[in-house]
Amino acid sequence: MGERFPLLCLFPLRLLVGVMLVLAGYHKFLDGWLHGTALMIILDGWMRDHKSYHFIVPVVATAHAHPKIFGALVTMGETVIGVAMVLGMFTRLVSILGTLIFFTFAFASGERLTPPGPAMLFGAIFFTFLFAPPGRVLGLDHAMRARLPTWLA
């Protein structure tokens with residue numbers, strides 16, 4: 001049993017995460033995240049309730065100061081990461097981005113390990129994908145593997 005069988009087990013998870021992120025990005029687009037108002041409401045709540053971990057407060061304050069920029073980054077980031085996961089393309093690279101985005105969400109929103117919130121779980125999934133890139137099975141990473149650097153595919 002080679003590398004392909006264990007990675008095949010991650011295929012349904014890769015598709016599920018990808019579709020969920022594409023849908024989340026689409027709904028954020030419809031809900032005004034590009035204008036920053038939806039993000040501002042969420043950030044106001046986190047700051048008012050002092051939910052954020054102390055080390056991530058400067059990032060939350062910066063996002064609060066520039067809600068249009070961060071709203072657009074979150075919307076486009078989720079959509080691009082989701083499309084890449086569905087296609088199995090550059091899964092290592094988007095796993096790095098997904099890990100950063102979702103652990104930032106988790107720490108900014110004050111999620112705990114017990115019970116874990118969705119951002120913490122997505123961050124853990126993307127962290128796993130860093131070491132077992134699921135795009136190598138039924139994905140474009142496998143087709144482009146000979147032409148890409150090892151760390152990317």
# chains A, B, ... in the order shown; residues from 1 in each chain; ligands from 1
>>> residues_around(residues="Ser52 (chain A)", least_positions_apart="4", cutoff="10 Å", atoms="only C-alpha atoms", output="list in words")
Leu43, Trp46, Met47, Arg48, Ile56, Val57, Pro58, Val59, Val60, Thr104, Phe105, Ala106, Phe107, Ala108, Ser109, Gly110 and Glu111 of chain A
>>> closest_residue(among="A:Leu10, A:Leu152, A:Leu16, A:Ala61", to="Leu138 (chain A)", atoms="only C-alpha atoms")
A:Leu10
>>> residues_around(residues="Ala38 (chain A)", least_positions_apart="4", cutoff="9 Å", atoms="only C-alpha atoms", output="count of residues only")
9
>>> closest_residue(among="A:Arg14, A:Leu23, A:Ala65, A:Thr75", to="Ile125 (chain A)", atoms="only C-alpha atoms")
A:Arg14
